[in-house]
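start-v4.pdb, holding PDB, C-alpha atoms:
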```
ATOM      1  CA  MET U 489     110.371 107.976  95.107
ATOM      2  CA  LYS U 490     112.824 105.105  95.417
ATOM      3  CA  PHE U 491     112.088 101.451  94.750
ATOM      4  CA  MET U 492     113.672  98.374  96.280
ATOM      5  CA  LEU U 493     113.170  94.669  95.671
ATOM      6  CA  ILE U 494     113.703  91.910  98.238
ATOM      7  CA  ASP U 495     113.872  88.376  96.797
ATOM      8  CA  ALA U 496     112.608  86.638  99.966
ATOM      9  CA  LYS U 497     114.981  83.721  99.508
ATOM     10  CA  TYR U 498     114.039  80.294 100.804
ATOM     11  CA  LYS U 499     115.916  79.489 104.002
ATOM     12  CA  GLY U 500     115.724  75.682 103.873
ATOM     13  CA  LYS U 501     117.723  73.270 101.745
ATOM     14  CA  ILE U 502     116.673  71.648  98.484
ATOM     15  CA  GLU U 503     117.314  67.973  98.070
ATOM     16  CA  ILE U 504     115.441  65.628  95.772
ATOM     17  CA  SER U 505     114.177  62.480  97.480
ATOM     18  CA  LYS U 506     115.261  59.022  96.255
ATOM     19  CA  LYS U 507     111.699  58.281  95.190
ATOM     20  CA  ALA U 508     111.547  61.459  93.100
ATOM     21  CA  LEU U 509     114.945  60.739  91.548
ATOM     22  CA  SER U 510     113.748  57.295  90.467
ATOM     23  CA  ILE U 511     110.921  58.976  88.513
ATOM     24  CA  LEU U 512     113.140  61.699  87.044
ATOM     25  CA  LYS U 513     115.520  58.980  85.823
ATOM     26  CA  ASN U 514     113.005  58.200  83.071
ATOM     27  CA  TYR U 515     113.857  61.458  81.304
ATOM     28  CA  LYS U 516     117.196  61.925  79.549
ATOM     29  CA  THR U 517     117.118  65.691  79.034
ATOM     30  CA  ILE U 518     115.368  68.030  81.432
ATOM     31  CA  ALA U 519     114.977  71.798  81.354
ATOM     32  CA  VAL U 520     115.047  73.145  84.912
ATOM     33  CA  TYR U 521     113.236  76.269  86.082
ATOM     34  CA  THR U 522     112.391  77.859  89.412
ATOM     35  CA  THR U 523     111.502  81.186  91.013
ATOM     36  CA  THR U 524     113.777  83.756  92.608
ATOM     37  CA  GLN U 525     112.981  82.252  96.064
ATOM     38  CA  PHE U 526     114.713  78.946  95.295
ATOM     39  CA  ASN U 527     117.227  79.917  92.596
ATOM     40  CA  HIS U 528     120.189  80.331  94.998
ATOM     41  CA  LYS U 529     119.756  76.760  96.316
ATOM     42  CA  LEU U 530     119.688  74.910  92.971
ATOM     43  CA  LYS U 531     123.313  73.786  92.766
ATOM     44  CA  PRO U 532     123.122  70.607  94.927
ATOM     45  CA  LEU U 533     119.919  69.589  93.143
ATOM     46  CA  LEU U 534     121.569  69.960  89.748
ATOM     47  CA  GLU U 535     124.431  67.778  91.003
ATOM     48  CA  GLN U 536     121.902  65.121  92.045
ATOM     49  CA  LEU U 537     120.427  65.114  88.543
ATOM     50  CA  LYS U 538     123.838  64.957  86.871
ATOM     51  CA  LYS U 539     124.782  61.952  89.018
ATOM     52  CA  ILE U 540     121.928  59.936  87.524
ATOM     53  CA  ASN U 541     123.030  60.997  84.014
ATOM     54  CA  ILE U 542     120.277  63.501  83.314
ATOM     55  CA  LYS U 543     121.291  66.192  80.866
ATOM     56  CA  ILE U 544     120.261  69.577  82.282
ATOM     57  CA  ILE U 545     119.193  72.410  80.055
ATOM     58  CA  SER U 546     118.171  75.855  81.136
ATOM     59  CA  SER U 547     118.068  79.440  80.032
ATOM     60  CA  GLN U 548     117.376  82.954  81.223
ATOM     61  CA  PRO U 549     113.873  83.804  79.985
ATOM     62  CA  GLU U 550     113.617  87.245  78.413
ATOM     63  CA  ARG U 551     111.943  89.121  81.288
ATOM     64  CA  THR U 552     113.849  87.487  84.162
ATOM     65  CA  ASP U 553     116.934  88.534  86.068
ATOM     66  CA  LEU U 554     118.478  85.090  86.551
ATOM     67  CA  GLN U 555     119.271  81.901  84.692
ATOM     68  CA  PHE U 556     116.819  79.096  85.645
ATOM     69  CA  GLN U 557     114.194  81.675  86.657
ATOM     70  CA  ILE U 558     110.690  81.586  85.223
ATOM     71  CA  LEU U 559     107.852  84.099  85.481
ATOM     72  CA  GLY U 560     104.130  83.483  85.232
ATOM     73  CA  CYS U 561     103.997  85.537  82.011
ATOM     74  CA  ASP U 562     106.412  83.201  80.164
ATOM     75  CA  ILE U 563     103.578  81.467  78.307
ATOM     76  CA  TYR U 564     104.543  81.930  74.663
ATOM     77  CA  TYR U 565     107.011  79.933  72.610
ATOM     78  CA  GLY U 566     110.276  81.869  72.609
ATOM     79  CA  ASN U 567     109.753  83.520  76.009
ATOM     80  CA  LEU U 568     112.089  81.010  77.662
ATOM     81  CA  ASN U 569     115.005  81.853  75.344
ATOM     82  CA  LEU U 570     115.724  78.136  75.037
ATOM     83  CA  ASN U 571     117.933  77.068  72.178
ATOM     84  CA  PRO U 572     115.423  75.649  69.621
ATOM     85  CA  LYS U 573     117.993  72.992  68.630
ATOM     86  CA  GLU U 574     117.970  71.521  72.142
ATOM     87  CA  GLU U 575     115.411  68.732  72.462
ATOM     88  CA  VAL U 576     113.838  68.543  75.912
ATOM     89  CA  ASP U 577     112.134  65.373  77.249
ATOM     90  CA  ALA U 578     110.498  67.154  80.180
ATOM     91  CA  TYR U 579     110.553  70.321  82.260
ATOM     92  CA  LEU U 580     111.333  70.288  85.972
ATOM     93  CA  TYR U 581     109.935  73.116  88.053
ATOM     94  CA  ILE U 582     111.319  73.570  91.571
ATOM     95  CA  GLY U 583     108.922  75.425  93.847
ATOM     96  CA  ASP U 584     105.436  75.404  95.229
ATOM     97  CA  GLY U 585     102.066  76.099  93.599
ATOM     98  CA  LYS U 586     100.818  75.509  90.055
ATOM     99  CA  PHE U 587     101.014  79.040  88.635
ATOM    100  CA  HIS U 588     104.552  78.791  87.234
ATOM    101  CA  PRO U 589     104.333  75.142  86.077
ATOM    102  CA  ARG U 590     101.192  76.074  84.130
ATOM    103  CA  ALA U 591     103.189  78.830  82.394
ATOM    104  CA  LEU U 592     105.500  76.074  81.142
ATOM    105  CA  LEU U 593     102.481  74.047  79.978
ATOM    106  CA  PHE U 594     101.076  77.045  78.058
ATOM    107  CA  GLN U 595     104.497  77.661  76.538
ATOM    108  CA  GLU U 596     104.692  74.021  75.460
ATOM    109  CA  ASN U 597     101.171  74.197  74.043
ATOM    110  CA  ASP U 598     102.197  77.292  72.064
ATOM    111  CA  SER U 599     105.223  75.429  70.684
ATOM    112  CA  GLU U 600     102.957  72.448  69.865
ATOM    113  CA  LYS U 601     105.438  70.090  71.555
ATOM    114  CA  ASN U 602     103.465  69.529  74.782
ATOM    115  CA  LYS U 603     106.264  67.984  76.798
ATOM    116  CA  PRO U 604     105.360  67.114  80.419
ATOM    117  CA  VAL U 605     106.086  69.448  83.317
ATOM    118  CA  ILE U 606     107.330  67.787  86.496
ATOM    119  CA  THR U 607     107.102  69.794  89.704
ATOM    120  CA  TYR U 608     109.158  69.203  92.813
ATOM    121  CA  ASN U 609     108.103  71.036  95.935
ATOM    122  CA  PRO U 610     111.208  71.429  98.133
ATOM    123  CA  ILE U 611     109.088  72.174 101.202
ATOM    124  CA  SER U 612     106.803  69.113 101.034
ATOM    125  CA  ASN U 613     109.298  67.017  98.973
ATOM    126  CA  LYS U 614     106.422  66.009  96.703
ATOM    127  CA  LEU U 615     106.731  65.379  92.973
ATOM    128  CA  ASN U 616     103.882  65.773  90.489
ATOM    129  CA  ILE U 617     103.662  65.378  86.742
ATOM    130  CA  PHE U 618     101.454  67.656  84.632
ATOM    131  CA  ASP U 619     100.716  67.600  80.930
ATOM    132  CA  GLU U 620      98.475  69.310  78.365
ATOM    133  CA  LYS U 621      95.364  67.737  79.942
ATOM    134  CA  ASP U 622      95.872  70.077  82.907
ATOM    135  CA  ILE U 623      95.316  73.152  80.712
ATOM    136  CA  GLN U 624      92.808  71.658  78.275
ATOM    137  CA  LYS U 625      89.802  73.510  79.757
ATOM    138  CA  VAL U 626      91.610  76.828  79.303
ATOM    139  CA  ILE U 627      92.613  76.009  75.731
ATOM    140  CA  ASN U 628      89.025  74.994  74.872
ATOM    141  CA  LYS U 629      87.660  78.228  76.360
ATOM    142  CA  GLU U 630      90.238  80.224  74.410
ATOM    143  CA  LYS U 631      89.151  78.575  71.151
ATOM    144  CA  ALA U 632      85.502  79.418  71.872
ATOM    145  CA  ASN U 633      86.420  83.019  72.763
ATOM    146  CA  ILE U 634      88.394  83.413  69.526
ATOM    147  CA  LYS U 635      85.237  82.512  67.581
ATOM    148  CA  ARG U 636      83.233  85.044  69.580
ATOM    149  CA  PHE U 637      85.898  87.705  68.916
ATOM    150  CA  LEU U 638      85.828  87.062  65.172
ATOM    151  CA  MET U 639      82.025  87.543  65.199
ATOM    152  CA  SER U 640      82.191  90.713  67.316
ATOM    153  CA  LYS U 641      81.804  94.241  66.009
ATOM    154  CA  LYS U 642      82.491  96.217  69.211
ATOM    155  CA  VAL U 643      85.636  95.221  71.091
ATOM    156  CA  GLY U 644      86.958  96.543  74.422
ATOM    157  CA  VAL U 645      90.726  96.728  74.847
ATOM    158  CA  LEU U 646      91.891  96.447  78.468
ATOM    159  CA  ILE U 647      95.059  98.422  79.265
ATOM    160  CA  THR U 648      96.723  98.545  82.678
ATOM    161  CA  THR U 649      98.668 101.400  84.299
ATOM    162  CA  LYS U 650     100.978  98.850  85.961
ATOM    163  CA  PRO U 651     104.322  99.968  84.482
ATOM    164  CA  GLY U 652     105.644  96.491  83.732
ATOM    165  CA  GLN U 653     102.406  95.367  82.097
ATOM    166  CA  GLU U 654     101.340  98.481  80.209
ATOM    167  CA  HIS U 655     101.303  97.817  76.457
ATOM    168  CA  PHE U 656      99.244 100.592  74.896
ATOM    169  CA  HIS U 657     100.743  99.841  71.474
ATOM    170  CA  TYR U 658      98.499  96.798  71.043
ATOM    171  CA  PHE U 659      95.478  99.099  70.607
ATOM    172  CA  LYS U 660      96.801 100.577  67.352
ATOM    173  CA  LYS U 661      97.946  97.184  66.105
ATOM    174  CA  LEU U 662      94.476  95.740  66.661
ATOM    175  CA  GLU U 663      92.817  98.684  64.888
ATOM    176  CA  GLU U 664      95.157  98.250  61.929
ATOM    177  CA  LYS U 665      94.574  94.489  61.657
ATOM    178  CA  TYR U 666      90.796  94.482  62.162
ATOM    179  CA  LYS U 667      89.496  97.483  60.202
ATOM    180  CA  ASN U 668      85.915  96.155  60.247
ATOM    181  CA  LYS U 669      85.714  96.246  64.066
ATOM    182  CA  GLU U 670      85.279  99.175  66.455
ATOM    183  CA  PHE U 671      87.780  99.214  69.307
ATOM    184  CA  TYR U 672      87.268 101.005  72.632
ATOM    185  CA  ALA U 673      90.253 101.527  74.997
ATOM    186  CA  PHE U 674      89.717 100.955  78.733
ATOM    187  CA  ILE U 675      92.385 101.769  81.311
ATOM    188  CA  ALA U 676      92.755 100.749  84.980
ATOM    189  CA  ASP U 677      95.364  99.542  87.466
ATOM    190  CA  SER U 678      94.055  96.046  88.209
ATOM    191  CA  ILE U 679      91.552  94.556  85.784
ATOM    192  CA  ASN U 680      88.317  94.165  87.741
ATOM    193  CA  PHE U 681      86.075  91.834  85.744
ATOM    194  CA  SER U 682      82.887  92.966  87.506
ATOM    195  CA  GLU U 683      83.316  96.344  85.725
ATOM    196  CA  MET U 684      82.585  94.603  82.427
ATOM    197  CA  GLU U 685      78.890  94.516  83.287
ATOM    198  CA  ASN U 686      78.810  98.323  83.054
ATOM    199  CA  PHE U 687      79.744  98.206  79.384
ATOM    200  CA  PRO U 688      77.178  95.861  77.821
ATOM    201  CA  PHE U 689      77.870  97.239  74.317
ATOM    202  CA  ILE U 690      81.242  95.426  74.326
ATOM    203  CA  GLN U 691      80.944  92.021  72.675
ATOM    204  CA  THR U 692      84.503  90.797  73.285
ATOM    205  CA  TRP U 693      87.347  92.000  75.512
ATOM    206  CA  ILE U 694      90.999  92.008  74.527
ATOM    207  CA  ASN U 695      93.579  91.908  77.305
ATOM    208  CA  THR U 696      96.899  93.733  76.855
ATOM    209  CA  ALA U 697      98.050  93.343  80.499
ATOM    210  CA  CYS U 698      99.545  90.187  82.039
ATOM    211  CA  PRO U 699      98.835  87.385  79.526
ATOM    212  CA  ARG U 700      97.656  85.042  82.280
ATOM    213  CA  ILE U 701      94.460  87.138  82.347
ATOM    214  CA  GLY U 702      93.634  85.710  78.927
ATOM    215  CA  LYS U 703      94.233  82.165  80.185
ATOM    216  CA  GLU U 704      92.909  80.768  83.523
ATOM    217  CA  ASP U 705      90.922  83.919  84.388
ATOM    218  CA  THR U 706      88.669  83.399  81.367
ATOM    219  CA  LEU U 707      87.199  80.240  82.947
ATOM    220  CA  GLU U 708      85.352  82.399  85.485
ATOM    221  CA  LEU U 709      84.045  84.855  82.887
ATOM    222  CA  GLU U 710      80.762  84.880  80.998
ATOM    223  CA  GLN U 711      82.105  87.557  78.663
ATOM    224  CA  ALA U 712      84.550  86.594  75.934
ATOM    225  CA  LEU U 713      88.133  87.673  76.609
ATOM    226  CA  ILE U 714      91.315  86.853  74.708
ATOM    227  CA  ASN U 715      94.881  88.129  74.877
ATOM    228  CA  ALA U 716      96.038  90.747  72.384
ATOM    229  CA  GLU U 717      98.788  88.379  71.196
ATOM    230  CA  THR U 718      96.162  85.741  70.422
ATOM    231  CA  ALA U 719      94.012  88.232  68.456
ATOM    232  CA  LEU U 720      96.980  89.515  66.474
ATOM    233  CA  ARG U 721      98.129  86.033  65.487
ATOM    234  CA  LEU U 722      94.832  85.040  63.884
ATOM    235  CA  ARG U 723      94.771  84.921  60.101
TER     236      ARG U 723
ATOM    237  CA  MET M 318     105.239  82.038 112.950
ATOM    238  CA  GLU M 319     108.775  81.929 111.552
ATOM    239  CA  PRO M 320     108.734  82.550 107.774
ATOM    240  CA  LEU M 321     110.383  79.985 105.492
ATOM    241  CA  TYR M 322     111.733  82.871 103.451
ATOM    242  CA  ASP M 323     114.300  85.525 104.341
ATOM    243  CA  LEU M 324     112.428  88.849 104.395
ATOM    244  CA  GLU M 325     115.737  90.716 104.875
ATOM    245  CA  ILE M 326     114.196  93.077 107.398
ATOM    246  CA  ASN M 327     117.640  94.447 108.333
ATOM    247  CA  THR M 328     118.227  95.365 104.658
ATOM    248  CA  ILE M 329     114.840  97.113 104.636
ATOM    249  CA  ILE M 330     115.710  99.104 107.776
ATOM    250  CA  LYS M 331     119.106 100.090 106.320
ATOM    251  CA  GLU M 332     117.450 101.315 103.107
ATOM    252  CA  ILE M 333     114.912 103.383 105.040
ATOM    253  CA  LYS M 334     117.689 105.001 107.079
ATOM    254  CA  LYS M 335     119.900 105.535 104.007
ATOM    255  CA  THR M 336     117.137 107.183 101.978
ATOM    256  CA  LYS M 337     115.742 109.053 105.046
ATOM    257  CA  ALA M 338     112.295 107.936 103.899
ATOM    258  CA  LYS M 339     109.393 109.258 105.944
ATOM    259  CA  THR M 340     106.709 107.111 104.328
ATOM    260  CA  VAL M 341     107.388 103.593 103.081
ATOM    261  CA  LEU M 342     105.026 101.421 101.054
ATOM    262  CA  LEU M 343     105.491  97.693 101.589
ATOM    263  CA  GLN M 344     104.221  95.377  98.856
ATOM    264  CA  PHE M 345     103.934  91.623  99.359
ATOM    265  CA  PRO M 346     102.610  88.865  97.088
ATOM    266  CA  ASP M 347      99.679  86.853  98.474
ATOM    267  CA  GLY M 348     101.845  84.082  99.964
ATOM    268  CA  LEU M 349     103.919  86.540 101.993
ATOM    269  CA  LYS M 350     101.232  89.059 103.016
ATOM    270  CA  CYS M 351     100.780  87.220 106.348
ATOM    271  CA  TYR M 352     104.352  88.201 107.297
ATOM    272  CA  SER M 353     103.952  91.921 106.521
ATOM    273  CA  CYS M 354     103.420  92.707 110.235
ATOM    274  CA  LEU M 355     106.951  91.463 111.000
ATOM    275  CA  ALA M 356     108.443  94.129 108.723
ATOM    276  CA  VAL M 357     106.073  96.846 109.956
ATOM    277  CA  ASP M 358     106.774  96.144 113.653
ATOM    278  CA  GLU M 359     110.530  96.282 113.065
ATOM    279  CA  ILE M 360     110.344  99.469 110.948
ATOM    280  CA  ARG M 361     108.327 101.152 113.709
ATOM    281  CA  ARG M 362     110.787  99.965 116.355
ATOM    282  CA  LYS M 363     113.941 101.014 114.542
ATOM    283  CA  THR M 364     112.993 104.038 112.410
ATOM    284  CA  LYS M 365     110.692 107.045 112.447
ATOM    285  CA  ALA M 366     109.220 106.149 109.044
ATOM    286  CA  LEU M 367     105.516 105.416 108.579
ATOM    287  CA  PRO M 368     105.137 101.974 106.977
ATOM    288  CA  LEU M 369     102.079 101.391 104.781
ATOM    289  CA  ILE M 370     101.038  97.923 103.612
ATOM    290  CA  TRP M 371      99.692  97.758 100.051
ATOM    291  CA  PHE M 372      96.151  96.374 100.230
ATOM    292  CA  GLY M 373      96.098  95.244  96.643
ATOM    293  CA  THR M 374      97.703  92.975  94.092
ATOM    294  CA  CYS M 375     101.411  92.320  93.915
ATOM    295  CA  PHE M 376     101.880  90.040  90.945
ATOM    296  CA  GLY M 377     105.547  90.871  90.449
ATOM    297  CA  ALA M 378     107.994  93.697  89.876
ATOM    298  CA  CYS M 379     105.760  94.475  86.865
ATOM    299  CA  ASP M 380     103.048  95.522  89.342
ATOM    300  CA  ILE M 381     103.944  98.835  91.001
ATOM    301  CA  PRO M 382     100.924 100.895  92.156
ATOM    302  CA  MET M 383     101.372 104.079  90.142
ATOM    303  CA  ILE M 384      98.589 105.814  92.088
ATOM    304  CA  ILE M 385     100.815 106.092  95.144
ATOM    305  CA  VAL M 386     104.290 106.703  93.736
ATOM    306  CA  ASN M 387     104.124 110.445  94.422
ATOM    307  CA  LYS M 388     102.744 109.978  97.915
ATOM    308  CA  VAL M 389     105.504 107.833  99.446
ATOM    309  CA  ASP M 390     109.292 108.224  99.650
ATOM    310  CA  LEU M 391     110.152 104.567  99.219
ATOM    311  CA  ILE M 392     108.443 101.454  97.837
ATOM    312  CA  ILE M 393     109.783  98.103  98.993
ATOM    313  CA  GLN M 394     108.454  95.052  97.194
ATOM    314  CA  VAL M 395     109.169  91.708  98.843
ATOM    315  CA  GLY M 396     109.165  88.387  96.987
ATOM    316  CA  HIS M 397     110.282  89.449  93.533
ATOM    317  CA  ASN M 398     113.413  90.438  91.658
ATOM    318  CA  ARG M 399     114.095  92.683  88.667
ATOM    319  CA  PHE M 400     111.548  92.496  85.834
ATOM    320  CA  VAL M 401     112.902  93.146  82.352
ATOM    321  CA  LYS M 402     110.038  94.584  80.331
ATOM    322  CA  ASN M 403     109.959  93.943  76.603
ATOM    323  CA  PRO M 404     108.401  97.159  75.213
ATOM    324  CA  ASN M 405     107.276  95.264  72.102
ATOM    325  CA  GLY M 406     104.840  93.094  74.033
ATOM    326  CA  TRP M 407     104.456  89.685  75.626
ATOM    327  CA  LYS M 408     105.858  87.647  72.773
ATOM    328  CA  LYS M 409     109.106  88.254  70.891
TER     329      LYS M 409
END
```
Would you kindly transcribe this structure into structure tokens?
Amino acid sequence: MKFMLIDAKYKGKIEISKKALSILKNYKTIAVYTTTQFNHKLKPLLEQLKKINIKIISSQPERTDLQFQILGCDIYYGNLNLNPKEEVDAYLYIGDGKFHPRALLFQENDSEKNKPVITYNPISNKLNIFDEKDIQKVINKEKANIKRFLMSKKVGVLITTKPGQEHFHYFKKLEEKYKNKEFYAFIADSINFSEMENFPFIQTWINTACPRIGKEDTLELEQALINAETALRLR
Amino acid sequence: MEPLYDLEINTIIKEIKKTKAKTVLLQFPDGLKCYSCLAVDEIRRKTKALPLIWFGTCFGACDIPMIIVNKVDLIIQVGHNRFVKNPNGWKK
């Protein structure tokens, strides 16, 4: 079996509007990120920012293929591979949707810096500014779920067969760290939350697949669920 | 409807012909699923391969449906580029 990837590059041009530039001017140093769809069209936009004396910072996050590219799983401090000595006033995300900008907000929350994330949609030419308030509900739910996990005796560990997201090793690490808990390993391709009802003996679920499952997805869940990274970082 | 994104259908056709694939799985993320018929119609017109559209998630290059890898000759995922897995986990 052979495998091929097609980027699906954006065909239009990217140009920041005058109105958006006047807002961006308020930030001296900006870290710029985008997806693979828009990455090849960034150059003129970067020139626009340089012309108004904005210092541009970027990086190639650890799981990406390109500089300036961000993935939805880049939610932990360090994932972006940014130089820790570089001080950033704000992040600028070029693209549509909120999934990737929220990754930047989670990453900032993890670093405890909580710098704002500005989004510029090159299709609608709209600019929006997000900050920690936009992820507060998720953070509050995570805190509550951590408490439920600490009180739990029987814990289900969700493992995916998706090759890029499979991290079986977390199971052993959890067993080693929490010797007073009983861990049960569950494996599937996609994590179907309705399956949880069939295992009522599980008091808390630990997710080892895409870490976004342990973020926004938890808002829809009655059952407690946290990411393996979160569980392993608790003291 | 003309897509805003380049689906590179000619590249897809070339790859099918080069690999002599008989069955091809096409994976699209949610935002591009509506254009999957464009690729399928062109594959049918220009090759003898059977195109299948993945009726499931496509979160990224991290999300390849392992259940089907031995049943198709070629998987083409549109909308993503190379994913560099860190075997140690999600955080460094």
If we count only C-alpha atoms, what is near Ile582 (chain U) at a cut-off of 9 Å, once residues fewer than 5 positions away on the same chain are taken out, given as a short mmCIF file (atom, residue, chain, number, x, y, z; two decimals) with C-alpha atoms, keeping the file's coordinate frame?
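Wrote out.cif, looks like this:
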```
data_model
loop_
_atom_site.label_atom_id
_atom_site.label_comp_id
_atom_site.auth_asym_id
_atom_site.auth_seq_id
_atom_site.Cartn_x
_atom_site.Cartn_y
_atom_site.Cartn_z
CA ILE U 502 116.67 71.65 98.48
CA VAL U 520 115.05 73.14 84.91
CA TYR U 521 113.24 76.27 86.08
CA THR U 522 112.39 77.86 89.41
CA THR U 523 111.50 81.19 91.01
CA PHE U 526 114.71 78.95 95.30
CA ASN U 527 117.23 79.92 92.60
CA LEU U 530 119.69 74.91 92.97
CA ILE U 606 107.33 67.79 86.50
CA THR U 607 107.10 69.79 89.70
CA TYR U 608 109.16 69.20 92.81
CA ASN U 609 108.10 71.04 95.94
CA PRO U 610 111.21 71.43 98.13
#
```
May I have a table of the residues of chain M lying at most 6 Å from chain U, giving each one's closest pair of atoms and their distance in Å to one decimal, counting only C-alpha atoms, ordered by chain and ascending residue number, as a Markdown table?
```
| residue | atom | partner | partner_atom | distance |
| --- | --- | --- | --- | --- |
| M:Leu321 | CA | U:Lys499 | CA | 5.8 |
| M:Tyr322 | CA | U:Tyr498 | CA | 4.4 |
| M:Asp323 | CA | U:Ala496 | CA | 4.8 |
| M:Leu324 | CA | U:Ala496 | CA | 5.0 |
| M:Cys379 | CA | U:Gly652 | CA | 3.7 |
| M:Asp380 | CA | U:Lys650 | CA | 5.2 |
| M:Ile381 | CA | U:Lys650 | CA | 5.8 |
| M:Asp390 | CA | U:Met489 | CA | 4.7 |
| M:Leu391 | CA | U:Lys490 | CA | 4.7 |
| M:Ile392 | CA | U:Phe491 | CA | 4.8 |
| M:Ile393 | CA | U:Met492 | CA | 4.7 |
| M:Gln394 | CA | U:Leu493 | CA | 5.0 |
| M:Val395 | CA | U:Ile494 | CA | 4.6 |
| M:Gly396 | CA | U:Asp495 | CA | 4.7 |
| M:His397 | CA | U:Asp495 | CA | 5.0 |
| M:Asn398 | CA | U:Asp495 | CA | 5.6 |
| M:Arg399 | CA | U:Asp553 | CA | 5.7 |
| M:Phe400 | CA | U:Arg551 | CA | 5.7 |
| M:Val401 | CA | U:Arg551 | CA | 4.3 |
| M:Lys402 | CA | U:Arg551 | CA | 5.9 |
```
Any chance you could work out the residue set of the PyMOL selection byres ((chain M and resi 347-357) around 12) here, as a CSV table (one decimal) with C-alpha atoms, in the frame of the given file?
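Once everything was written out, this is part13.csv:
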```csv
chain,number,residue,atom,x,y,z
U,494,ILE,CA,113.7,91.9,98.2
U,495,ASP,CA,113.9,88.4,96.8
U,496,ALA,CA,112.6,86.6,100.0
U,497,LYS,CA,115.0,83.7,99.5
U,498,TYR,CA,114.0,80.3,100.8
U,525,GLN,CA,113.0,82.3,96.1
U,584,ASP,CA,105.4,75.4,95.2
U,585,GLY,CA,102.1,76.1,93.6
M,318,MET,CA,105.2,82.0,113.0
M,319,GLU,CA,108.8,81.9,111.6
M,320,PRO,CA,108.7,82.6,107.8
M,321,LEU,CA,110.4,80.0,105.5
M,322,TYR,CA,111.7,82.9,103.5
M,323,ASP,CA,114.3,85.5,104.3
M,324,LEU,CA,112.4,88.8,104.4
M,325,GLU,CA,115.7,90.7,104.9
M,326,ILE,CA,114.2,93.1,107.4
M,327,ASN,CA,117.6,94.4,108.3
M,328,THR,CA,118.2,95.4,104.7
M,329,ILE,CA,114.8,97.1,104.6
M,330,ILE,CA,115.7,99.1,107.8
M,333,ILE,CA,114.9,103.4,105.0
M,340,THR,CA,106.7,107.1,104.3
M,341,VAL,CA,107.4,103.6,103.1
M,342,LEU,CA,105.0,101.4,101.1
M,343,LEU,CA,105.5,97.7,101.6
M,344,GLN,CA,104.2,95.4,98.9
M,345,PHE,CA,103.9,91.6,99.4
M,346,PRO,CA,102.6,88.9,97.1
M,358,ASP,CA,106.8,96.1,113.7
M,359,GLU,CA,110.5,96.3,113.1
M,360,ILE,CA,110.3,99.5,110.9
M,361,ARG,CA,108.3,101.2,113.7
M,362,ARG,CA,110.8,100.0,116.4
M,363,LYS,CA,113.9,101.0,114.5
M,364,THR,CA,113.0,104.0,112.4
M,365,LYS,CA,110.7,107.0,112.4
M,366,ALA,CA,109.2,106.1,109.0
M,367,LEU,CA,105.5,105.4,108.6
M,368,PRO,CA,105.1,102.0,107.0
M,369,LEU,CA,102.1,101.4,104.8
M,370,ILE,CA,101.0,97.9,103.6
M,371,TRP,CA,99.7,97.8,100.1
M,372,PHE,CA,96.2,96.4,100.2
M,373,GLY,CA,96.1,95.2,96.6
M,374,THR,CA,97.7,93.0,94.1
M,375,CYS,CA,101.4,92.3,93.9
M,376,PHE,CA,101.9,90.0,90.9
M,377,GLY,CA,105.5,90.9,90.4
M,393,ILE,CA,109.8,98.1,99.0
M,394,GLN,CA,108.5,95.1,97.2
M,395,VAL,CA,109.2,91.7,98.8
M,396,GLY,CA,109.2,88.4,97.0
M,397,HIS,CA,110.3,89.4,93.5
```
Residues matched by the PyMOL selection byres ((chain U and resi 639-643) around 10) as an mmCIF file with C-alpha atoms, in the coordinates of the input:
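Once everything was written out, this is result17.cif:
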```cif
data_model
loop_
_atom_site.group_PDB
_atom_site.id
_atom_site.type_symbol
_atom_site.label_atom_id
_atom_site.label_comp_id
_atom_site.auth_asym_id
_atom_site.auth_seq_id
_atom_site.Cartn_x
_atom_site.Cartn_y
_atom_site.Cartn_z
ATOM 1 C CA ASN U 633 86.420 83.019 72.763
ATOM 2 C CA ILE U 634 88.394 83.413 69.526
ATOM 3 C CA LYS U 635 85.237 82.512 67.581
ATOM 4 C CA ARG U 636 83.233 85.044 69.580
ATOM 5 C CA PHE U 637 85.898 87.705 68.916
ATOM 6 C CA LEU U 638 85.828 87.062 65.172
ATOM 7 C CA GLY U 644 86.958 96.543 74.422
ATOM 8 C CA VAL U 645 90.726 96.728 74.847
ATOM 9 C CA LEU U 646 91.891 96.447 78.468
ATOM 10 C CA LEU U 662 94.476 95.740 66.661
ATOM 11 C CA TYR U 666 90.796 94.482 62.162
ATOM 12 C CA ASN U 668 85.915 96.155 60.247
ATOM 13 C CA LYS U 669 85.714 96.246 64.066
ATOM 14 C CA GLU U 670 85.279 99.175 66.455
ATOM 15 C CA PHE U 671 87.780 99.214 69.307
ATOM 16 C CA TYR U 672 87.268 101.005 72.632
ATOM 17 C CA ALA U 673 90.253 101.527 74.997
ATOM 18 C CA PHE U 689 77.870 97.239 74.317
ATOM 19 C CA ILE U 690 81.242 95.426 74.326
ATOM 20 C CA GLN U 691 80.944 92.021 72.675
ATOM 21 C CA THR U 692 84.503 90.797 73.285
ATOM 22 C CA TRP U 693 87.347 92.000 75.512
ATOM 23 C CA ILE U 694 90.999 92.008 74.527
ATOM 24 C CA ALA U 712 84.550 86.594 75.934
ATOM 25 C CA LEU U 713 88.133 87.673 76.609
#
```
- prompt: Which distance in Å separates CA of Lys661 (chain U) and CA of Phe594 (chain U), to one decimal?
  reply: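 Distance reported for this atom pair: 23.6 Å.
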field: Residues matched by the PyMOL selection byres ((chain U and resi 517) around 6), written as a list in words
entry: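 Selected by the PyMOL selection byres ((chain U and resi 517) around 6) here: Tyr515, Lys516, Ile518, Ile542, Lys543, Ile544, Val576 and Asp577 of chain U.
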Emit the selected residues as a short mmCIF file (atom, residue, chain, number, x, y, z; two decimals), in the frame of the given file, including C-alpha atoms.
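That gives us selection_21.cif:
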```cif
data_model
loop_
_atom_site.label_atom_id
_atom_site.label_comp_id
_atom_site.auth_asym_id
_atom_site.auth_seq_id
_atom_site.Cartn_x
_atom_site.Cartn_y
_atom_site.Cartn_z
CA TYR U 515 113.86 61.46 81.30
CA LYS U 516 117.20 61.92 79.55
CA ILE U 518 115.37 68.03 81.43
CA ILE U 542 120.28 63.50 83.31
CA LYS U 543 121.29 66.19 80.87
CA ILE U 544 120.26 69.58 82.28
CA VAL U 576 113.84 68.54 75.91
CA ASP U 577 112.13 65.37 77.25
#
```
